[in-house]
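Visitor: I am attaching a structure below and will ask some questions about it afterwards.
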Amino acid sequence: MPPSRWCKLVRSPGVGSSPHTSGFSVNKRLLLSPLAAIFACSLTALFGQSAPSKPLTIEAIYAPGGLGGRGPENLEWSPDGAKLSFVQRADNDESGELWYIDAATGEKKVLLSASKLASLVPDYNKVKNERERERLTRYHVAAYVWAPDSKHLLFDSRGQLWLFDPASGTAVQFTSSPDPSGDPQFSPDGSRVSYIRKHNLYVRSISGKNEKQLTDDSGDDLLNGDIDWVYAEELSVRSNYFWSPDSRQIVFLHMDETEVPTYPIANLLPTHPTVDYQKYPKVGDPNPVVKLGVADVDRGKVRWISLAAAADAYLPRFGWVGEGVIWAELLNRNQDQMDLFFVDAKSGKSTKVLTETAPDAWINVNSDFRILKSGDRFLWSSWRDGTTQLYLYRFDKRNPLGGEAQLVNQITRGDFEVLGVEGVDETTGTIFFSCNKDDPRQKQIYSIKLDGTGFERLTAQEGIYSATFSADAKHYEQTFVGPLTAQHISVCAVAGSCFPVWQANDEIGEYGLRAPKFLEFKADDGTTLYGRLLLPPNPPPGAKIPLVVYIYGGPAGQMVLKELENPFDEILSRQGLAVFAVDNRGTPGRDRKFQTAIRHEFGAIELKDQLTALDQLLATYPQLDQSRMAIWGWSNGGSMTVYSLTHTDRFRAGVAVAPVTNQVNYDSIYTERYLGQLKDDAQGYAASDVTAEVDKLHGALLLAHGTGDDNVHFQNSMQMINALINAGKQFQLMIYPNKTHSISGAEARDHLFHMIDDFFQRELK
């Protein structure tokens, strides 16, 4: 299912109209509402002398840069760990420069001027194709890569590669084919560059001469080193090929999508409509058939390696153990068994060195696996003890295929989730990782020794941290945001000082954003559920306050985190509405028992927890009006909205944006991970089909979807529309032509959120 950044409507840099300068409320129509008028008048009393200096409007939220301003993009560490480079653009136009900050001194310098950057790294907001723009941003496609010598950069300028020398300030075009080249990589010795073109793998000398094609498949069904949609979306695959340490071979994934069904995405705006056919395996459909290839760069020959006993298994991660030996993770279709193989690159012989199983659960694919430089140990993460923790394994360096790997020790342990390995300093034997120790609503950075000693927290403030470490793990880029702290980015030395890279605008001071009340509830089995509540500012005494429940509810995203409140919630609250969210069982960031409570059925447990928490909230805050409650969400949150409106009468209205309305419509990897295979649990799938329950719809429904959505297909809303019509149910509908799952762009976002706002004001008055 779509990652939470879409479902939570994180403020991504947008394009479009500039903010207008009306008062605190969104527009004058809303100020005519009695609710809006009452609560808007209370703002002066709330803020007093420290009243916000800028009006908070929907237009301001989705203007270029949003409220906080446009932060650095394309952050990359140089291989020597000395520099962190980044693109910094202006909020209101595409101009910008490529900068770097010296990790040791904090000194900032321009690497690439605005005029050169405009041609080498065009602003992705200028990409007209909605799906391509979303691919670039959603999957963080790199705009450039550093050469191994840390002295040159290779730019991917919309499919043409350019080699740039910062010392001389010159850029040389590296490829000139009419077909675009992508995913460029330097060989470890820096003598060659590899890239993907038309689903085939190419290499070229660093001199720019002697291009060599290593694979030679034709058509769009056979991919060599390229990534298909479902592996990128659901397995977070960002590259499907890797150089050997000696720069003589490349291991890559070959994907055969011949039997994978297609989904038509139509553009109905032209006089003569066009159709793009997307390869998309839905529940029960054939998956891509995968195998590994090893290309000899000098001879141009490929050796094939097949590990899968079943044609529908997944190969989500692979790479090099060392000279001549490959590692690969093989995941079965049920996603409850992961096998780690070591493979002889020359003979193709393989040995299964580790098997991870998750009975009555699933395997979470991640990038925590690391071969240590000692060449005889690796890191492994597992859910086996009920929480995600790190483990150290050893194998025979002289004979890696000689037998199973042996567990050395469990590195981390405790009642928390390890969220990711961020870096490893092999000189000190230290692992740096993110986790949510002490509070599942936070993300902090910790360090620990390989033997499990020296468990220390690097970050200090309450909130959400992310970190990207340099290759030697001596420095790291740190991004932080807190409940009352706007985002800021720093470069830090481990156990040393930090230097500022970028500071967002003061959203709290300028726009008057407030932190919500963070609350705790109990599910019917005693499990703690975390929630948040934003009340209107200074409501009149005795006033009954309508409530909007903002829901996601699925395994791809938490709604309750110690970060800045969504500014749209603040807009609603200033118009007299309270906004509430709670993370039910089945959402991430908690232990295995909590997350797997929804296995084999979507909807029932989630709604039960939502209503249980809601009852406890209403008991604690009697000023909330239980007769005027609405619910809304995006993606899985949209699915939960329509599920709620058809399975309870507690809500007067709901807004469902881009919902999955029948789980068999969604992709195989995501859906089968949680619900199992259709052939094994048809009843569980049937229970999650909201189109079959539309005759029970209670309350007003607003349905919104983009026709270009290649994630949750518009087909879902079409089926819902048809079912509602057949059931004689009235509803409201908004279609966004060619818009993808995010319905991005200032014009579309402004339109959508004004419509949602108007809907709540009308239905909850």
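We name chains A, B, ... following the order of the structure tokens; residues begin at 1 in each chain, and ligands are numbered from 1 as shown.
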I'd like the neighbourhood of Leu75 (chain A) as a ChimeraX atom specification, where a residue qualifies if any of its atoms comes within 12 Å (using only C-alpha atoms), though same-chain residues fewer than 3 positions away should be ignored.
Guide: /A:71-72,78,83-88,98-101,140-146,467-470,476-479,489-491,501-502
Visitor: Produce a file of the selected residues containing N, CA, C and O atoms, as a short mmCIF file (atom, residue, chain, number, x, y, z; two decimals), in the first residue's frame.
Guide:
data_model
loop_
_atom_site.label_atom_id
_atom_site.label_comp_id
_atom_site.auth_asym_id
_atom_site.auth_seq_id
_atom_site.Cartn_x
_atom_site.Cartn_y
_atom_site.Cartn_z
N GLY A 71 13.21 22.79 1.00
CA GLY A 71 14.45 22.32 1.61
C GLY A 71 15.42 21.77 0.59
O GLY A 71 15.12 21.66 -0.60
N PRO A 72 16.62 21.40 1.04
CA PRO A 72 17.62 20.82 0.15
C PRO A 72 17.12 19.52 -0.49
O PRO A 72 16.38 18.75 0.13
N SER A 78 29.91 12.45 -0.49
CA SER A 78 31.04 12.06 -1.35
C SER A 78 31.62 10.76 -0.79
O SER A 78 31.56 10.52 0.42
N LYS A 83 32.44 15.50 2.20
CA LYS A 83 31.48 16.51 1.77
C LYS A 83 30.07 15.92 1.70
O LYS A 83 29.89 14.76 1.29
N LEU A 84 29.11 16.74 2.06
CA LEU A 84 27.71 16.44 1.80
C LEU A 84 27.23 17.44 0.76
O LEU A 84 27.25 18.65 0.99
N SER A 85 26.82 16.96 -0.40
CA SER A 85 26.35 17.84 -1.46
C SER A 85 24.83 17.84 -1.50
O SER A 85 24.17 16.88 -1.08
N PHE A 86 24.27 18.93 -2.02
CA PHE A 86 22.82 19.04 -2.08
C PHE A 86 22.43 20.14 -3.06
O PHE A 86 23.20 21.08 -3.31
N VAL A 87 21.23 20.01 -3.62
CA VAL A 87 20.66 21.03 -4.49
C VAL A 87 19.75 21.92 -3.66
O VAL A 87 18.87 21.42 -2.95
N GLN A 88 19.98 23.21 -3.72
CA GLN A 88 19.12 24.16 -3.02
C GLN A 88 18.45 25.06 -4.05
O GLN A 88 19.12 25.77 -4.79
N LEU A 98 23.98 23.83 -6.86
CA LEU A 98 24.49 22.63 -6.20
C LEU A 98 25.56 23.07 -5.21
O LEU A 98 26.57 23.65 -5.60
N TRP A 99 25.33 22.79 -3.93
CA TRP A 99 26.24 23.18 -2.87
C TRP A 99 26.89 21.95 -2.26
O TRP A 99 26.44 20.82 -2.44
N TYR A 100 27.93 22.19 -1.49
CA TYR A 100 28.42 21.16 -0.58
C TYR A 100 28.80 21.81 0.73
O TYR A 100 29.12 23.00 0.80
N ILE A 101 28.74 21.03 1.79
CA ILE A 101 29.21 21.48 3.09
C ILE A 101 30.35 20.58 3.51
O ILE A 101 30.27 19.35 3.38
N HIS A 140 12.74 8.71 -5.07
CA HIS A 140 14.00 9.42 -4.82
C HIS A 140 15.06 9.08 -5.86
O HIS A 140 16.19 8.69 -5.53
N VAL A 141 14.71 9.21 -7.11
CA VAL A 141 15.64 8.91 -8.19
C VAL A 141 16.79 9.92 -8.15
O VAL A 141 16.57 11.14 -8.15
N ALA A 142 18.02 9.42 -8.09
CA ALA A 142 19.19 10.28 -7.93
C ALA A 142 19.40 11.14 -9.17
O ALA A 142 19.34 10.65 -10.30
N ALA A 143 19.67 12.43 -8.95
CA ALA A 143 19.95 13.33 -10.06
C ALA A 143 21.42 13.30 -10.44
O ALA A 143 21.79 13.72 -11.54
N TYR A 144 22.27 12.82 -9.53
CA TYR A 144 23.71 12.75 -9.81
C TYR A 144 24.35 11.73 -8.86
O TYR A 144 23.77 11.38 -7.82
N VAL A 145 25.53 11.26 -9.23
CA VAL A 145 26.31 10.36 -8.37
C VAL A 145 27.75 10.84 -8.35
O VAL A 145 28.27 11.38 -9.34
N TRP A 146 28.40 10.65 -7.21
CA TRP A 146 29.81 10.98 -7.08
C TRP A 146 30.68 9.87 -7.67
O TRP A 146 30.36 8.68 -7.56
N ALA A 467 18.71 10.01 9.64
CA ALA A 467 20.15 10.21 9.49
C ALA A 467 20.65 9.44 8.29
O ALA A 467 20.21 8.32 8.01
N THR A 468 21.58 10.05 7.56
CA THR A 468 22.29 9.38 6.48
C THR A 468 23.78 9.51 6.77
O THR A 468 24.31 10.62 6.84
N PHE A 469 24.44 8.37 6.97
CA PHE A 469 25.84 8.37 7.37
C PHE A 469 26.76 8.33 6.15
O PHE A 469 26.42 7.77 5.10
N SER A 470 27.93 8.93 6.30
CA SER A 470 28.97 8.82 5.29
C SER A 470 29.45 7.37 5.23
O SER A 470 29.18 6.58 6.14
N TYR A 476 27.44 12.25 9.80
CA TYR A 476 26.10 11.93 9.33
C TYR A 476 25.28 13.20 9.11
O TYR A 476 25.50 14.22 9.77
N GLU A 477 24.40 13.11 8.13
CA GLU A 477 23.42 14.17 7.89
C GLU A 477 22.22 13.87 8.76
O GLU A 477 21.70 12.75 8.76
N GLN A 478 21.78 14.86 9.51
CA GLN A 478 20.70 14.68 10.47
C GLN A 478 19.54 15.62 10.14
O GLN A 478 19.74 16.83 10.01
N THR A 479 18.36 15.06 10.00
CA THR A 479 17.15 15.86 9.79
C THR A 479 16.24 15.67 11.00
O THR A 479 16.03 14.54 11.46
N ILE A 489 18.11 20.73 9.17
CA ILE A 489 19.06 19.73 8.69
C ILE A 489 20.46 20.16 9.12
O ILE A 489 20.83 21.33 8.99
N SER A 490 21.24 19.20 9.61
CA SER A 490 22.59 19.46 10.07
C SER A 490 23.53 18.38 9.57
O SER A 490 23.10 17.29 9.18
N VAL A 491 24.82 18.70 9.59
CA VAL A 491 25.87 17.70 9.39
C VAL A 491 26.61 17.57 10.70
O VAL A 491 27.06 18.57 11.28
N VAL A 501 22.87 22.99 8.01
CA VAL A 501 22.77 22.93 6.55
C VAL A 501 21.59 23.76 6.08
O VAL A 501 21.70 24.57 5.15
N TRP A 502 20.45 23.58 6.73
CA TRP A 502 19.23 24.28 6.31
C TRP A 502 18.25 24.34 7.48
O TRP A 502 18.15 23.39 8.27
#
Visitor: Need the shell around Gly208 (chain A): protein/DNA/RNA residues with any atom at most 9 Å away, counting only C-alpha atoms. Skip same-chain ones fewer than 4 positions apart. Format as a list in words?
Guide: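 What passes the distance filter is Gln173, Phe174, Thr175, Arg192, Val193 and Arg204 of chain A.
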Visitor: Store the residues picked out above, limited to N, CA, C and O atoms, as a short mmCIF file (atom, residue, chain, number, x, y, z; two decimals), in the first residue's frame.
Guide:
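Saved the output as selection_4.cif:
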data_model
loop_
_atom_site.label_atom_id
_atom_site.label_comp_id
_atom_site.auth_asym_id
_atom_site.auth_seq_id
_atom_site.Cartn_x
_atom_site.Cartn_y
_atom_site.Cartn_z
N GLN A 173 29.21 15.91 -22.12
CA GLN A 173 28.12 14.97 -22.35
C GLN A 173 28.67 13.57 -22.50
O GLN A 173 29.56 13.32 -23.31
N PHE A 174 28.13 12.65 -21.70
CA PHE A 174 28.66 11.29 -21.65
C PHE A 174 27.86 10.33 -22.53
O PHE A 174 28.40 9.39 -23.09
N THR A 175 26.56 10.54 -22.65
CA THR A 175 25.72 9.75 -23.55
C THR A 175 24.93 10.69 -24.43
O THR A 175 24.60 11.81 -24.03
N ARG A 192 34.99 2.82 -15.33
CA ARG A 192 33.84 2.64 -16.21
C ARG A 192 32.59 3.21 -15.56
O ARG A 192 32.52 3.39 -14.35
N VAL A 193 31.59 3.42 -16.42
CA VAL A 193 30.26 3.83 -15.97
C VAL A 193 29.25 2.87 -16.58
O VAL A 193 29.34 2.54 -17.77
N ARG A 204 30.45 1.82 -20.30
CA ARG A 204 31.26 2.67 -21.15
C ARG A 204 32.49 3.10 -20.36
O ARG A 204 32.43 3.32 -19.14
#
Visitor: Which residues, written as a list of chain:residue names, have at least one atom at most 9 Å from Lys608 (chain A), with only C-alpha atoms counted and residues fewer than 5 positions away on the same chain left out?
Guide: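 Answer for this query is A:Ala523, A:Asp524, A:Asn584, A:Gly603, A:Ala613.
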Visitor: Between A:Lys729, A:Arg590, A:His647, A:Lys474, single out the one closest to Val418 (chain A), counting only C-alpha atoms.
Guide: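 Ranked by minimum distance to Val418 (chain A), first place goes to A:Arg590.
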Visitor: Can you tell me, as JSON, numbers by chain, what residues are no more than 9 Å from Ser573 (chain A) when counting only C-alpha atoms, ignoring any on the same chain fewer than 5 positions away?
Guide: {"A": [39, 534, 535, 536, 537, 568, 578, 579]}
Visitor: Can I get the selection written as a tab-separated table (two decimals), in the first residue's frame, with all heavy atoms?
Guide:
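Resulting contents of part_23.tsv:
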chain	number	residue	atom	x	y	z
A	39	PHE	N	-15.32	30.71	15.99
A	39	PHE	CA	-13.97	30.33	16.38
A	39	PHE	C	-12.91	31.22	15.77
A	39	PHE	O	-11.85	31.40	16.35
A	39	PHE	CB	-13.73	28.86	16.03
A	39	PHE	CG	-14.51	27.93	16.92
A	39	PHE	CD1	-15.72	27.40	16.50
A	39	PHE	CD2	-14.05	27.62	18.18
A	39	PHE	CE1	-16.44	26.56	17.33
A	39	PHE	CE2	-14.77	26.78	19.01
A	39	PHE	CZ	-15.98	26.24	18.59
A	534	LEU	N	-6.50	17.75	18.26
A	534	LEU	CA	-6.34	19.18	18.12
A	534	LEU	C	-7.71	19.83	18.28
A	534	LEU	O	-8.61	19.62	17.47
A	534	LEU	CB	-5.75	19.54	16.75
A	534	LEU	CG	-5.34	21.00	16.57
A	534	LEU	CD1	-4.14	21.34	17.46
A	534	LEU	CD2	-5.00	21.29	15.11
A	535	LEU	N	-7.86	20.59	19.36
A	535	LEU	CA	-9.12	21.26	19.64
A	535	LEU	C	-9.12	22.66	19.04
A	535	LEU	O	-8.05	23.26	18.83
A	535	LEU	CB	-9.33	21.35	21.15
A	535	LEU	CG	-9.63	20.04	21.88
A	535	LEU	CD1	-9.51	20.23	23.38
A	535	LEU	CD2	-11.01	19.52	21.51
A	536	PRO	N	-10.28	23.23	18.80
A	536	PRO	CA	-10.34	24.62	18.33
A	536	PRO	C	-9.72	25.55	19.37
A	536	PRO	O	-9.79	25.29	20.58
A	536	PRO	CB	-11.84	24.88	18.17
A	536	PRO	CG	-12.45	23.53	18.03
A	536	PRO	CD	-11.62	22.61	18.86
A	537	PRO	N	-9.12	26.65	18.95
A	537	PRO	CA	-8.54	27.59	19.90
A	537	PRO	C	-9.63	28.35	20.65
A	537	PRO	O	-10.53	28.92	20.05
A	537	PRO	CB	-7.73	28.54	19.01
A	537	PRO	CG	-8.37	28.45	17.67
A	537	PRO	CD	-8.89	27.05	17.54
A	568	PHE	N	-3.37	21.51	7.67
A	568	PHE	CA	-4.80	21.46	7.31
A	568	PHE	C	-5.65	21.19	8.55
A	568	PHE	O	-6.78	21.68	8.66
A	568	PHE	CB	-5.04	20.40	6.24
A	568	PHE	CG	-6.46	20.34	5.75
A	568	PHE	CD1	-7.04	21.43	5.14
A	568	PHE	CD2	-7.21	19.19	5.91
A	568	PHE	CE1	-8.36	21.39	4.69
A	568	PHE	CE2	-8.53	19.12	5.46
A	568	PHE	CZ	-9.11	20.23	4.85
A	578	ALA	N	-12.81	19.96	15.85
A	578	ALA	CA	-11.72	19.22	16.48
A	578	ALA	C	-11.25	18.13	15.52
A	578	ALA	O	-12.05	17.57	14.76
A	578	ALA	CB	-12.18	18.60	17.79
A	579	VAL	N	-9.95	17.85	15.53
A	579	VAL	CA	-9.38	16.82	14.63
A	579	VAL	C	-8.69	15.77	15.49
A	579	VAL	O	-7.85	16.09	16.34
A	579	VAL	CB	-8.39	17.44	13.64
A	579	VAL	CG1	-7.86	16.37	12.69
A	579	VAL	CG2	-9.05	18.56	12.85
Visitor: Write out as a PyMOL selection string each polymer residue whose atoms come within 12 Å of Arg457 (chain A), counting only C-alpha atoms; drop sequence neighbours fewer than 2 positions from it.
Guide: chain A and resi 431-438+443-448+454-455+459-461+465+494-495
Visitor: For CA of Glu570 (chain A) and CA of Gly586 (chain A), quote the distance in Å rounded to one decimal.
Guide: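 Separation of CA of Glu570 (chain A) and CA of Gly586 (chain A): 27.0 Å.
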Visitor: What are the DSSP helix (DSSP H, G or I) residues of region 666-713 of chain A, as a PyMOL selection string?
Guide: chain A and resi 668-675+682-687+690-696
Visitor: With only C-alpha atoms as the atoms that count, which of A:His254, A:Asn287, A:Leu330, A:Asp93 lies nearest to Trp304 (chain A)?
Guide: A:His254
Visitor: Would you mind listing what lies within 12 Å of Asp217 (chain A) as a PyMOL selection string, with only C-alpha atoms counted and same-chain residues fewer than 3 positions away left out?
Guide: chain A and resi 197-201+213-214+220-226+254-256
Visitor: Residues of the last selection are to be written out with N, CA, C and O atoms, as a PDB file, in the first residue's frame.
Guide:
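To be explicit, this is the file written out as selection.pdb:
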ATOM      1  N   ARG A 197      19.438   1.245 -20.369  1.00  0.00           N
ATOM      2  CA  ARG A 197      18.760   1.879 -21.502  1.00  0.00           C
ATOM      3  C   ARG A 197      17.844   0.852 -22.148  1.00  0.00           C
ATOM      4  O   ARG A 197      18.287  -0.238 -22.511  1.00  0.00           O
ATOM      5  N   LYS A 198      16.588   1.208 -22.264  1.00  0.00           N
ATOM      6  CA  LYS A 198      15.579   0.328 -22.878  1.00  0.00           C
ATOM      7  C   LYS A 198      15.631  -1.062 -22.243  1.00  0.00           C
ATOM      8  O   LYS A 198      15.621  -2.077 -22.933  1.00  0.00           O
ATOM      9  N   HIS A 199      15.715  -1.082 -20.924  1.00  0.00           N
ATOM     10  CA  HIS A 199      15.684  -2.303 -20.114  1.00  0.00           C
ATOM     11  C   HIS A 199      16.921  -3.181 -20.285  1.00  0.00           C
ATOM     12  O   HIS A 199      16.905  -4.353 -19.888  1.00  0.00           O
ATOM     13  N   ASN A 200      17.985  -2.642 -20.863  1.00  0.00           N
ATOM     14  CA  ASN A 200      19.225  -3.397 -21.018  1.00  0.00           C
ATOM     15  C   ASN A 200      20.374  -2.685 -20.314  1.00  0.00           C
ATOM     16  O   ASN A 200      20.335  -1.472 -20.067  1.00  0.00           O
ATOM     17  N   LEU A 201      21.398  -3.454 -20.020  1.00  0.00           N
ATOM     18  CA  LEU A 201      22.542  -2.976 -19.253  1.00  0.00           C
ATOM     19  C   LEU A 201      23.690  -2.615 -20.196  1.00  0.00           C
ATOM     20  O   LEU A 201      24.052  -3.403 -21.082  1.00  0.00           O
ATOM     21  N   GLN A 213      27.107  -2.922 -24.950  1.00  0.00           N
ATOM     22  CA  GLN A 213      25.816  -3.412 -24.490  1.00  0.00           C
ATOM     23  C   GLN A 213      26.001  -4.817 -23.936  1.00  0.00           C
ATOM     24  O   GLN A 213      26.441  -5.726 -24.645  1.00  0.00           O
ATOM     25  N   LEU A 214      25.662  -5.015 -22.657  1.00  0.00           N
ATOM     26  CA  LEU A 214      25.907  -6.300 -21.999  1.00  0.00           C
ATOM     27  C   LEU A 214      24.734  -7.261 -22.118  1.00  0.00           C
ATOM     28  O   LEU A 214      24.917  -8.477 -22.033  1.00  0.00           O
ATOM     29  N   ASP A 220       9.231  -4.645 -23.916  1.00  0.00           N
ATOM     30  CA  ASP A 220       9.064  -4.110 -22.570  1.00  0.00           C
ATOM     31  C   ASP A 220       8.801  -5.176 -21.518  1.00  0.00           C
ATOM     32  O   ASP A 220       8.585  -4.845 -20.345  1.00  0.00           O
ATOM     33  N   ASP A 221       8.821  -6.456 -21.901  1.00  0.00           N
ATOM     34  CA  ASP A 221       8.517  -7.516 -20.941  1.00  0.00           C
ATOM     35  C   ASP A 221       9.752  -8.076 -20.247  1.00  0.00           C
ATOM     36  O   ASP A 221       9.637  -8.711 -19.197  1.00  0.00           O
ATOM     37  N   LEU A 222      10.935  -7.864 -20.826  1.00  0.00           N
ATOM     38  CA  LEU A 222      12.174  -8.418 -20.268  1.00  0.00           C
ATOM     39  C   LEU A 222      13.049  -7.282 -19.774  1.00  0.00           C
ATOM     40  O   LEU A 222      13.445  -6.407 -20.549  1.00  0.00           O
ATOM     41  N   LEU A 223      13.356  -7.301 -18.478  1.00  0.00           N
ATOM     42  CA  LEU A 223      14.108  -6.227 -17.841  1.00  0.00           C
ATOM     43  C   LEU A 223      15.432  -6.776 -17.312  1.00  0.00           C
ATOM     44  O   LEU A 223      15.447  -7.770 -16.586  1.00  0.00           O
ATOM     45  N   ASN A 224      16.517  -6.113 -17.672  1.00  0.00           N
ATOM     46  CA  ASN A 224      17.846  -6.507 -17.215  1.00  0.00           C
ATOM     47  C   ASN A 224      18.452  -5.378 -16.384  1.00  0.00           C
ATOM     48  O   ASN A 224      18.884  -4.364 -16.919  1.00  0.00           O
ATOM     49  N   GLY A 225      18.424  -5.553 -15.066  1.00  0.00           N
ATOM     50  CA  GLY A 225      18.931  -4.511 -14.190  1.00  0.00           C
ATOM     51  C   GLY A 225      17.963  -3.369 -13.980  1.00  0.00           C
ATOM     52  O   GLY A 225      18.228  -2.478 -13.161  1.00  0.00           O
ATOM     53  N   ASP A 226      16.884  -3.347 -14.701  1.00  0.00           N
ATOM     54  CA  ASP A 226      15.864  -2.308 -14.570  1.00  0.00           C
ATOM     55  C   ASP A 226      14.869  -2.733 -13.486  1.00  0.00           C
ATOM     56  O   ASP A 226      14.844  -3.901 -13.073  1.00  0.00           O
ATOM     57  N   HIS A 254      17.276 -10.139 -13.640  1.00  0.00           N
ATOM     58  CA  HIS A 254      16.513 -10.268 -14.878  1.00  0.00           C
ATOM     59  C   HIS A 254      15.061 -10.540 -14.510  1.00  0.00           C
ATOM     60  O   HIS A 254      14.755 -11.471 -13.759  1.00  0.00           O
ATOM     61  N   MET A 255      14.155  -9.720 -15.020  1.00  0.00           N
ATOM     62  CA  MET A 255      12.733  -9.861 -14.735  1.00  0.00           C
ATOM     63  C   MET A 255      11.976 -10.141 -16.029  1.00  0.00           C
ATOM     64  O   MET A 255      12.085  -9.386 -16.991  1.00  0.00           O
ATOM     65  N   ASP A 256      11.221 -11.219 -16.018  1.00  0.00           N
ATOM     66  CA  ASP A 256      10.379 -11.572 -17.160  1.00  0.00           C
ATOM     67  C   ASP A 256       8.932 -11.284 -16.776  1.00  0.00           C
ATOM     68  O   ASP A 256       8.332 -11.977 -15.953  1.00  0.00           O
TER      69      ASP A 256
END
Visitor: CA of Ile326 (chain A) and CA of Phe395 (chain A), how far apart in Å?
Guide: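 These two atoms are separated by 13.8 Å.
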Visitor: Between A:Val283, A:Leu354, A:Ala692, A:Val172, single out the one closest to Gln677 (chain A), counting only C-alpha atoms.
Guide: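 Distance minimum relative to Gln677 (chain A) lands on A:Val283.
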Visitor: Give me, as a PyMOL selection string, the residues of region 356-516 of chain A that a backbone DSSP run labels strand (DSSP E).
Guide: chain A and resi 356-357+370-371+377-382+389-394+406-410+418-425+430-435+444-449+456-457+464-469+475-482+485-493+498-503
Visitor: So how far away is CA of Glu462 (chain A) from CA of Ser53 (chain A), in Å?
Guide: 26.2 Å
Visitor: Quick one: residues within 6 Å of region 626-632 of chain A, only C-alpha atoms counted, chain neighbours fewer than 6 positions away excluded, as a tab-separated table (two decimals) with N, CA, C and O atoms, in the first residue's frame?
Guide:
chain	number	residue	atom	x	y	z
A	546	PRO	N	-17.92	19.86	16.84
A	546	PRO	CA	-17.90	18.74	15.89
A	546	PRO	C	-16.50	18.14	15.81
A	546	PRO	O	-15.49	18.82	16.03
A	547	LEU	N	-16.44	16.86	15.45
A	547	LEU	CA	-15.16	16.14	15.44
A	547	LEU	C	-14.92	15.51	14.08
A	547	LEU	O	-15.81	14.87	13.51
A	548	VAL	N	-13.69	15.68	13.57
A	548	VAL	CA	-13.25	15.02	12.34
A	548	VAL	C	-12.18	14.00	12.70
A	548	VAL	O	-11.17	14.36	13.33
A	549	VAL	N	-12.39	12.76	12.34
A	549	VAL	CA	-11.40	11.70	12.56
A	549	VAL	C	-10.59	11.55	11.28
A	549	VAL	O	-11.14	11.32	10.20
A	550	TYR	N	-9.28	11.71	11.43
A	550	TYR	CA	-8.35	11.57	10.29
A	550	TYR	C	-7.70	10.20	10.42
A	550	TYR	O	-7.02	9.92	11.41
A	641	THR	N	-12.25	4.77	5.45
A	641	THR	CA	-13.39	5.69	5.50
A	641	THR	C	-14.65	5.02	4.96
A	641	THR	O	-15.71	5.04	5.61
A	651	PHE	N	-20.75	7.96	12.15
A	651	PHE	CA	-20.25	9.14	11.44
A	651	PHE	C	-21.32	9.74	10.54
A	651	PHE	O	-22.01	9.03	9.80
A	652	ARG	N	-21.40	11.06	10.59
A	652	ARG	CA	-22.38	11.77	9.77
A	652	ARG	C	-21.89	11.90	8.33
A	652	ARG	O	-22.71	12.02	7.40
A	653	ALA	N	-20.56	11.92	8.14
A	653	ALA	CA	-20.02	12.14	6.79
A	653	ALA	C	-18.61	11.57	6.71
A	653	ALA	O	-17.96	11.33	7.74
A	654	GLY	N	-18.15	11.38	5.48
A	654	GLY	CA	-16.79	10.89	5.27
A	654	GLY	C	-16.25	11.29	3.91
A	654	GLY	O	-17.01	11.43	2.95
A	655	VAL	N	-14.93	11.46	3.85
A	655	VAL	CA	-14.23	11.77	2.60
A	655	VAL	C	-13.22	10.67	2.34
A	655	VAL	O	-12.33	10.42	3.17
A	656	ALA	N	-13.33	10.01	1.21
A	656	ALA	CA	-12.41	8.93	0.82
A	656	ALA	C	-11.65	9.38	-0.42
A	656	ALA	O	-12.24	9.58	-1.49
A	764	LEU	N	-21.33	19.16	8.89
A	764	LEU	CA	-21.24	19.14	10.35
A	764	LEU	C	-21.80	20.40	11.00
A	764	LEU	O	-21.60	20.61	12.20
Visitor: With only C-alpha atoms as the basis for distance, which of A:Gln623, A:Ala232, A:Glu134, A:Arg333 is at the shortest distance from Pro540 (chain A)?
Guide: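 When distances to Pro540 (chain A) are compared using only C-alpha atoms, the smallest one comes from A:Gln623.
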Visitor: Ranking A:Arg650, A:Val251, A:Asp681, A:Ala308 by minimum distance to Leu697 (chain A) and counting only C-alpha atoms, which one comes first?
Guide: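 Using only C-alpha atoms, the shortest distance to Leu697 (chain A) belongs to A:Arg650.
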